[in-house]
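**Q** Just passing along the structure, written as structure tokens.
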2 protein chains.
Amino acid sequence: MDKPSADIIVKNCSELLTMAGGGGKPKKGTMLNNVGMIRRGAVGISDGVITWVGREDDIGSSVKKSRRTRVVDAEGGVVMPGFVDPHTHIVFAGSRENEWLDRLAGKSYLSILKAGGGIISTVKATRKAKKQDLIRKGLGYLRMMLDFGTTTIEAKSGYGLTLKDEIKILECIKELNSIQPVDVVPTFLGAHALPPEFERKEDYVKLVADTMVPEIARRGLASYCDVFCERGAFSAAEAKRILEAGVAHGLKPKIHTNQFNDIGGTEVAAKIHPESIDHLDVISKKCLDDVATAGSVAVLLPGAAFFLDGGIYPDAKAMIAAGVPLALGTDFNPGTSFCYSMQFILSLACIKLGLSVEQALNCATINAAHAIGMGGVVGSLDVGKQADIIIMDLGSYKLIPYSIAGNNVNTVIKKGFIHKVKDPHKADWTE
Amino acid sequence: MDKPSADIIVKNCSELLTMAGGGGKPKKGTMLNNVGMIRRGAVGISDGVITWVGREDDIGSSVKKSRRTRVVDAEGGVVMPGFVDPHTHIVFAGSRENEWLDRLAGKSYLSILKAGGGIISTVKATRKAKKQDLIRKGLGYLRMMLDFGTTTIEAKSGYGLTLKDEIKILECIKELNSIQPVDVVPTFLGAHALPPEFERKEDYVKLVADTMVPEIARRGLASYCDVFCERGAFSAAEAKRILEAGVAHGLKPKIHTNQFNDIGGTEVAAKIHPESIDHLDVISKKCLDDVATAGSVAVLLPGAAFFLDGGIYPDAKAMIAAGVPLALGTDFNPGTSFCYSMQFILSLACIKLGLSVEQALNCATINAAHAIGMGGVVGSLDVGKQADIIIMDLGSYKLIPYSIAGNNVNTVIKKGFIHKVKDPHKADWTE
């Protein structure tokens with residue numbers, strides 16, 4: 001058999017975290033405690049695809065190099081798959097720092113929502129915005145995500161809330177996916193909030209289910225259909241109706257539920273089996289059973305509880321005990337989590353959710369990839385997967401969450417494209 | 001009168017935060033609500049010193065330019081003084097991520113300290129380390145601080161705990177100050193922990209007060225003398241003795257106190273009037289009165305409470321109400337706050353301490369400068385001060401704490417040295 005060839009070889013890694021074994025959908029929390037570490041490991045890449053993973057000492061006998069093979073020296077750093085952020089809202093206009101400051105001063109999220117603030121204020125700004133401005137803004141966020149090591153994200157619409165504006169946002173997401181390196185998986189979230197021009201929610205639900213879903217599916221603008229199932233947003237019955245419409249038109253379901261209140265979203269999930277159930281900050285034993293029954297990946301978003309303060313952190317340990325596969329995301333959005341750093345989410349996962357470092361890393365890579373249907377393509381360093389790799393200025397992966405609110409990534413390789421985040425300046429944290 | 005000349009002009013700032021008025025030591029929380037904003041402001045710099053601050057429209061009539069004047073385009077960003085971090089421990093060997101993970105799993109700080117872990121494990125590693133390795137490691141941290149917008153720090157010894165090793169660390173700090181751009185103000189912290197080879201604390205206190213302090217002062221290796229006044233570390237009486245020895249030899253006092261317990265440190269402060277009183281997480285009304293009496297700047301370090309979880313955040317609002325001037329620092333160290341980002345500390349200050357953005361920004365610049373005796377030199381954009389300036393990819397300063405755990409700095413100017421942190425890629429968060 002021919003040796004695999006490599007146009008890029010990544011070597012001199014103190015720890016190579018392959019997260020390998022991630023070929024199948026995570027079940028019963030498997031893999032959560034294993035980062036698939038190879039000490040002094042190396043990776044071979046050809047045409048943006050991983051062709052070989054092994055020990056650096058075996059490169060000579062295992063990999064076919066050419067004169068054009070480029071060697072990327074990790075300088076003794078930690079090398080692992082790029083982070084996958086399975087829940088973001090990156091296309092929107094404006095910002096909501098004043099509302100955030102008001103909230104820190106005591107106003108509640110639901111009271112702000114009721115007063116026409118919250119999501120609706122972003123909807124108004126986004127409807128007015130030109131596509132080119134939304135794209136420029138989204139590009140800025142994606143660049144920062146890439147700088148912080150995120151190579152694949154999911155991005156939701158939901159700040160348009162008319163067919164025209166939802167299409168505009170999804171077209172921006174499509175354009176963003178094509179003009180910069182980070183892979184962007186599109187989700188239609190028409191049911192994010194009731195738009196102000198609707199008096200009766202049932203009229204809007206009908207519009208979403210019967211008009212928006214078919215048209216967006218027809219145009220191929222989304223892989224997923226999502227609903228914000230929450231008091232003040234959409235009921236469990238409304239969520240079910242919209243998600244079923246999505247499924248009928250080929251859009252896989254996702255659901256935001258139990259962020260602030262339990263209004264039955266997990267019961268819907270147990271019937272619909274969404275790819276992911278997101279938030280789950282407020283859950284009963286019954287909800288937990290529903291989530292386990294659904295067989296979905298639970299996407300936990302601790303950035304929101306931190307950002308909103310006084311927010312409730314999800315009971316990750318109970319979910320793991322119940323065999324629910326977990327993922328972590330930023331929930332990047334202007335109202336409840338203005339945070340694009342998956343490295344910080346890892347710190348929150350260890351500090352606030354009680355996850356081990358190994359569990360957290362699985363949640364931020366391979367499990368996150370499964371939460372957005374990309375588990376076969378990214379999220380682990382396996383031969384045949386995309387070469388989405390980050391190099392960190394650290395001597396041990398345990399330093400990733402320990403280093404709070406920093407950026408330890410110095411190089412991002414995305415499908416063989418090498419992005420230097422900063423000059424190498426090894427910190428030598430672990431002599 | 002001649003116009004001031006400029007070899008660098010910073011312009012195209014959406015908001016220029018001068019933090020001006022910061023000439024004197026902060027009193028009774030003055031200035032805390034004012035960031036000295038000039039919209040469409042500009043700064044003139046000559047030989048690394050600020051020569052002019054005003055409106056961009058007035059540059060032509062107010063500033064003498066030459067053909068060699070370099071224009072730095074802030075591209076509509078926020079421009080402000082570099083952050084001043086008034087409390088760090090940057091020179092040490094090893095790291096303590098395993099201890100951190102143990103602690104998250106339930107072990108207490110004081111039990112780890114008692115078992116010879118904690119500070120002592122870093123002391124053992126630091127004593128063994130070569131100077132060149134400590135310097136290389138410190139350089140890495142300083143580079144990251146600079147990348148995140150910090151232009152002046154205070155750095156403490158305290159991981160040597162013998163005269164020889166404390167001198168070694170302070171010599172590393174001196175060397176670090178001279179070989180990279182960030183100003184480093186040195187503090188002697190011989191009384192950080194009781195070294196393992198001492199059975200009787202009084203013997204070590206005598207060594208610190210009678211031998212180390214005079215020798216370190218004689219060598220000019222420190223501006224400040226600091227003591228960790230805490231159960232398991234040094235008593236109030238021991239702190240007093242050591243700080244008085246420092247004062248007698250020209251080392252200005254600082255004190256770490258009331259981080260976990262109230263053992264009388266503020267009472268000592270009320271008598272000694274340290275330049276700063278640091279931590280103050282656990283304080284009674286009586287302690288607050290002591291701090292107000294001391295007239296010191298209170299340096300709050302919320303990163304430690306976040307890092308340790310379950311930690312207690314200081315009651316900043318009570319301190320402001322009592323007229324105590326506040327500053328913010330990272331407390332960067334391997335055991336209780338592995339965080340170098342003052343931007344994140346600003347987020348914590350708004351979320352966890354209830355400070356306004358304006359208060360937090362004052363605490364992280366001019367007040368922090370006063371806490372380390374640099375208030376006349378850095379911390380505000382005033383004519384005659386060092387040109388220590390950061391440019392952030394933001395349209396409003398309110399976005400600084402709102403943007404959680406990121407890095408919005410794209411350019412740092414340190415004494416006229418221009419350091420590009422990243423390619424400009426304006427995010428346009430506020431159309």
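Ordering of the structure tokens sets the chain letters (A, B, ...), residue numbers begin anew at 1 in every chain, and ligands are numbered from 1 in the order given.
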Please list as number ranges by chain every residue within 12 Å of A:Met212, counting only C-alpha atoms and excluding residues in the same chain fewer than 2 positions away.

**A** A: 158, 160-167, 170, 188-191, 204-210, 214-219, 221-222, 225, 242, 245-246, 249, 251

**Q** Would you please extract all helix (DSSP H, G or I) residues from stretch 126-338 of chain A, as assigned by DSSP on the backbone, and give them as an NGL selection string?

**A** :A and (126-128 or 131-147 or 163-179 or 201-218 or 236-248 or 265-272 or 285-294 or 302-308 or 316-321)

**Q** Go through A:Gly379, A:Gly106, A:Pro253, A:Gly295 one by one, measure the shortest atom-to-atom distance of each to chain B using only C-alpha atoms, and give the residue with the smallest value.

**A**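 Checking each of A:Gly379, A:Gly106, A:Pro253, A:Gly295 against chain B, counting only C-alpha atoms, the winner is A:Gly106.
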
**Q** Once you count only C-alpha atoms, what closest atom pair and distance in Å to one decimal does each residue of chain A within 8 Å of chain B have, with rows by chain and rising residue number, as a tab-separated table?

**A**
residue	atom	partner	partner_atom	distance
A:Ala93	CA	B:Glu431	CA	7.4
A:Gly94	CA	B:Thr430	CA	5.1
A:Ser95	CA	B:Thr430	CA	6.0
A:Glu97	CA	B:Tyr402	CA	6.1
A:Asn98	CA	B:Lys398	CA	7.6
A:Trp100	CA	B:Tyr402	CA	7.5
A:Leu101	CA	B:Ser356	CA	8.0
A:Leu104	CA	B:Ile351	CA	6.4
A:Ala105	CA	B:Gly354	CA	7.5
A:Arg136	CA	B:Ala427	CA	7.4
A:Lys137	CA	B:Ala427	CA	5.3
A:Gly138	CA	B:Ala427	CA	7.8
A:Leu139	CA	B:Ala427	CA	7.6
A:Gly140	CA	B:Ala427	CA	4.4
A:Tyr141	CA	B:Ala427	CA	6.6
A:Phe307	CA	B:Ile351	CA	7.5
A:Leu308	CA	B:Ile351	CA	8.0
A:Asp309	CA	B:Ile351	CA	6.4
A:Ser337	CA	B:Ile404	CA	7.9
A:Phe338	CA	B:Ser403	CA	5.4
A:Cys339	CA	B:Ile404	CA	4.9
A:Tyr340	CA	B:Gly406	CA	7.0
A:Ser341	CA	B:Gly406	CA	6.4
A:Phe344	CA	B:Ala405	CA	6.4
A:Cys350	CA	B:Leu104	CA	7.6
A:Ile351	CA	B:Asp309	CA	6.4
A:Lys352	CA	B:Asp309	CA	7.7
A:Gly354	CA	B:Leu104	CA	7.3
A:Ser356	CA	B:Leu101	CA	8.0
A:Lys398	CA	B:Glu97	CA	6.4
A:Leu399	CA	B:Glu97	CA	6.1
A:Tyr402	CA	B:Glu97	CA	6.0
A:Ser403	CA	B:Phe338	CA	5.4
A:Ile404	CA	B:Cys339	CA	4.9
A:Ala405	CA	B:Ala405	CA	4.5
A:Gly406	CA	B:Ser341	CA	6.4
A:Lys422	CA	B:Lys422	CA	7.9
A:His425	CA	B:Gly140	CA	6.1
A:Lys426	CA	B:Gly140	CA	6.5
A:Ala427	CA	B:Gly140	CA	4.5
A:Asp428	CA	B:Lys137	CA	5.8
A:Trp429	CA	B:Gly94	CA	5.9
A:Thr430	CA	B:Gly94	CA	5.1
A:Glu431	CA	B:Gly94	CA	5.9

**Q** Could you tell me how far atom CA of A:Asp203 sits from atom CA of A:Phe260, in Å to one decimal place?

**A**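 Atom CA of A:Asp203 lies at a distance of 24.9 Å from atom CA of A:Phe260.
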
**Q** List as an NGL selection string the protein and nucleic acid residues near stretch 171-185 of chain A, meaning an atom at most 9 Å away when only C-alpha atoms are counted, but skip any in the same chain fewer than 6 places from it.

**A** :A and (86 or 90-91 or 131-132 or 134-136 or 138-139 or 142-143 or 145-146 or 150-157 or 221-224 or 372-374 or 414-415 or 417)

**Q** What's around B:Leu288 at 10 Å? Count only C-alpha atoms, leave out sequence neighbours fewer than 2 positions away in its own chain, and write the answer as a VMD selection string.

**A** chain B and resid 266 to 267 280 283 to 286 290 to 294 315 318 to 319 322 to 324

**Q** I need the chosen residues saved as a compact mmCIF listing (two decimals), in the first residue's frame, with N, CA and C atoms.

**A**
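Generated file (result_16.txt):
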# COMPACT_ATOMS: atom_id res chain seq x y z
N THR B 266 -6.31 45.53 58.09
CA THR B 266 -6.72 46.91 57.78
C THR B 266 -6.37 47.85 58.94
N GLU B 267 -6.33 47.30 60.15
CA GLU B 267 -5.95 48.12 61.31
C GLU B 267 -4.50 48.58 61.16
N LEU B 280 -9.13 42.79 49.96
CA LEU B 280 -10.30 43.33 50.68
C LEU B 280 -11.61 42.65 50.29
N ILE B 283 -14.58 42.12 54.28
CA ILE B 283 -14.38 43.26 55.19
C ILE B 283 -15.64 43.59 55.99
N SER B 284 -15.39 44.01 57.23
CA SER B 284 -16.46 44.49 58.11
C SER B 284 -16.55 46.01 57.94
N LYS B 285 -17.57 46.58 58.58
CA LYS B 285 -17.71 48.04 58.59
C LYS B 285 -16.46 48.68 59.20
N LYS B 286 -15.94 48.04 60.24
CA LYS B 286 -14.73 48.54 60.92
C LYS B 286 -13.54 48.53 59.94
N ASP B 290 -11.19 51.58 58.54
CA ASP B 290 -9.72 51.56 58.55
C ASP B 290 -9.16 51.94 57.17
N VAL B 291 -9.77 51.35 56.13
CA VAL B 291 -9.27 51.59 54.77
C VAL B 291 -9.44 53.07 54.42
N ALA B 292 -10.58 53.63 54.79
CA ALA B 292 -10.81 55.06 54.53
C ALA B 292 -9.79 55.91 55.30
N THR B 293 -9.52 55.50 56.53
CA THR B 293 -8.54 56.23 57.36
C THR B 293 -7.14 56.15 56.76
N ALA B 294 -6.81 54.98 56.22
CA ALA B 294 -5.48 54.78 55.66
C ALA B 294 -5.20 55.74 54.51
N ASP B 315 -16.78 44.20 48.22
CA ASP B 315 -17.94 45.08 48.18
C ASP B 315 -17.51 46.47 47.70
N ALA B 318 -19.67 49.62 48.57
CA ALA B 318 -19.51 50.14 49.94
C ALA B 318 -18.24 50.97 50.04
N MET B 319 -17.21 50.53 49.36
CA MET B 319 -15.94 51.28 49.41
C MET B 319 -16.09 52.64 48.73
N ALA B 322 -17.85 54.91 50.91
CA ALA B 322 -17.00 55.37 52.02
C ALA B 322 -15.89 56.29 51.54
N GLY B 323 -15.89 56.61 50.25
CA GLY B 323 -14.90 57.55 49.73
C GLY B 323 -13.53 56.93 49.48
N VAL B 324 -13.46 55.62 49.41
CA VAL B 324 -12.17 54.96 49.17
C VAL B 324 -11.88 54.94 47.67

**Q** Restricting the calculation to only C-alpha atoms, which member of B:Val79, B:Leu243, B:Cys287, B:Val412 is positioned closest to B:Val213?

**A**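 Comparing B:Val79, B:Leu243, B:Cys287, B:Val412 against B:Val213, the winner is B:Leu243.
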
**Q** List the spatial neighbours of stretch 72-74 of chain B as a PyMOL selection string - criterion: any atom at most 6 Å away, only C-alpha atoms, same-chain residues fewer than 3 positions off excluded.

**A** chain B and resi 10-13+77

**Q** May I ask which of the residues A:Glu238, A:Asp262, A:Glu15, A:Glu244 is the closest one to A:Met80, counting only C-alpha atoms?

**A**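 Of all the options, A:Glu15 lies closest to A:Met80.
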